[in-house]
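Asks: Structure below; questions to follow.
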Amino acid sequence: MDGTNESTQENFVLLGFSDRPHLERILFVVILIAYLLTLVGNTTIILVSRLDPHLHTPMYFFLAHLSFLDLSFTTSSIPQLLYNLNGHDKTISYTGCAIQLFLFLGLGGVECLLLAVMAYDRFVAVCKPLHYTVIMNPRLCLGLVLVAWGCGVANSLAMSPVTLLLPRCGRRSVDHFLCEMPALIRMACVNTAAIEGTVFVLAVGIVLSPLVFILGSYGYIVRAVLLIESASGRQKVFNTCGSHLTVVSLFYGNIIYMYMQPGNSSSQDQGKFLTLFYNIVTPLLNPLIYTLRNKEVKGALRRLLLCNR
């Protein structure tokens, strides 16, 4: 036990893609470009949502929070990954690893719940349009966002210490490019069945429950859309809801695969690339998905650019 306590204060070694040195330089360039585009895209969404009065609606209030989450999500790990890819030093301090794990779990949980909140917003907009402004008032919107943040942070506070305090018997090499929970669980030198069961239960609450709510909400939305006689009205609903469903599919697909089987059952290499996908590709695509299919956002961008000129 003393050895375990001592080892917790040592640096970790993030192996990442070090077994593929020819791939590291390519990944560095690709990830750097994707990260910069992610920063630009999500920052643009936040600024447009705040600066254009036409977008001061619940939908864009939640979208701005989603963009902020994506910025935080990628920034919690990508700079460290770029540093490790660009040199021989693959270490991360124990404190840095703890912060990275806490942010990754917390922000991921918040995003799961925020996507459910956004589905509820679309449900009210489509199924109860005459009562939309009354139901989705600023106080409720803020309350829903705060609940999402509170539950996500609480989930991380519950799981981060348990994961970090697992006995590792001096093992310091993390077979991943970040301090992610499945990779840290695999390092343990004790039976992890109990903690994997706990992770599964929490994942049902923070991952699957919001997903079931989202699918239920869209079931009602589809039924309501089929009753709309106007083709243009149906197209508008499909555009906004289709964007949200695309984001949900990208995010939840990877999360469910990774966290519903957190131990040794999944391929470690496959896990790295899946984590990389939802850590950089999903946040990169979110602004494109919402802007390319959304006339309101494109109109707001044009107005802001013309004002600046």
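Naming works like this for the structure tokens: A, B, ... for the chains as they're shown, residue 1 at the start of each chain, ligands 1 onward in shown order.
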Within 9 Å of segment 95-101 of chain A, which residues of segment 171-231 of chain A show up? Give each one with its shortest atom-to-atom distance in Å (one decimal) and the two atoms involved, counting only C-alpha atoms, rows by chain then rising residue number, as JSON lines.

Replies:
```
{"residue": "A:Leu178", "atom": "CA", "partner": "A:Gln100", "partner_atom": "CA", "distance": 7.5}
{"residue": "A:Cys179", "atom": "CA", "partner": "A:Leu101", "partner_atom": "CA", "distance": 5.5}
{"residue": "A:Glu180", "atom": "CA", "partner": "A:Leu101", "partner_atom": "CA", "distance": 5.8}
{"residue": "A:Met181", "atom": "CA", "partner": "A:Leu101", "partner_atom": "CA", "distance": 6.9}
```

Asks: Report as a list in words all protein, DNA and RNA residues lying within 8 Å of Leu115 of chain A, evaluated on only C-alpha atoms, omitting residues in the same chain fewer than 6 positions from it.

Replies: Pro210, Ile214 and Val248 of chain A

Asks: For the contact check between segment 183-301 of chain A and segment 66-78 of chain A, emit one row per residue of segment 183-301 of chain A within 8 Å, containing the shortest atom pair and the distance in Å rounded to one decimal, counting only C-alpha atoms, chain then rising number order, as a Markdown table.

Replies:
```
| residue | atom | partner | partner_atom | distance |
| --- | --- | --- | --- | --- |
| A:Asn279 | CA | A:Thr74 | CA | 5.6 |
| A:Ile280 | CA | A:Thr74 | CA | 6.1 |
| A:Pro283 | CA | A:Asp70 | CA | 5.2 |
| A:Asn286 | CA | A:Ser67 | CA | 8.0 |
| A:Pro287 | CA | A:Ser67 | CA | 7.7 |
```

Asks: Residues of the last selection are to be written out with N, CA, C and O atoms, as a compact mmCIF listing (two decimals), in the first residue's frame.

Replies:
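Saved to again.txt:
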```
# COMPACT_ATOMS: atom_id res chain seq x y z
N ASN A 279 -12.90 13.54 -29.56
CA ASN A 279 -12.19 14.62 -28.91
C ASN A 279 -11.86 15.76 -29.86
O ASN A 279 -11.77 16.92 -29.43
N ILE A 280 -11.71 15.47 -31.14
CA ILE A 280 -11.32 16.53 -32.08
C ILE A 280 -12.24 16.59 -33.30
O ILE A 280 -12.62 17.68 -33.73
N PRO A 283 -16.09 17.90 -32.20
CA PRO A 283 -16.14 19.35 -31.97
C PRO A 283 -15.83 20.18 -33.21
O PRO A 283 -16.29 21.31 -33.34
N ASN A 286 -19.19 20.01 -35.41
CA ASN A 286 -20.41 20.63 -34.85
C ASN A 286 -20.73 22.00 -35.44
O ASN A 286 -21.86 22.25 -35.87
N PRO A 287 -19.76 22.94 -35.47
CA PRO A 287 -20.07 24.26 -36.06
C PRO A 287 -20.47 24.15 -37.53
O PRO A 287 -21.36 24.87 -38.00
```

Asks: Which neighbours of segment 224-234 of chain A fall inside 12 Å, counting only C-alpha atoms, when residues of the same chain fewer than 3 positions from it are skipped, and could you give them as JSON, numbers by chain?

Replies: {"A": [122, 123, 124, 125, 126, 127, 128, 129, 217, 218, 219, 220, 221, 237, 238, 239, 240, 241, 242]}

Asks: For Leu202 of chain A, which of A:Phe251, A:Ser156, A:Val174, A:Val297 is the closest residue, counting only C-alpha atoms?

Replies: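 Residue with the minimum atom-to-atom distance to Leu202 of chain A: A:Ser156.
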
Asks: Would you list the contacts of Asp52 of chain A as a PyMOL selection string, taking every protein, DNA or RNA residue within 9 Å and counting only C-alpha atoms, but skipping same-chain residues closer than 4 positions in sequence?

Replies: chain A and resi 47-48+56+300-301+303-304

Asks: Just the number, please: distance in Å from atom CA of Val162 of chain A to atom CA of Ile195 of chain A, one decimal.

Replies: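 Those two atoms sit 7.9 Å apart.
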
Asks: Using only C-alpha atoms for the distances, tell me which of A:Ile255, A:Val190, A:Gly109, A:Glu24 is nearest to Val147 of chain A.

Replies: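 Using only C-alpha atoms, the shortest distance to Val147 of chain A belongs to A:Gly109.
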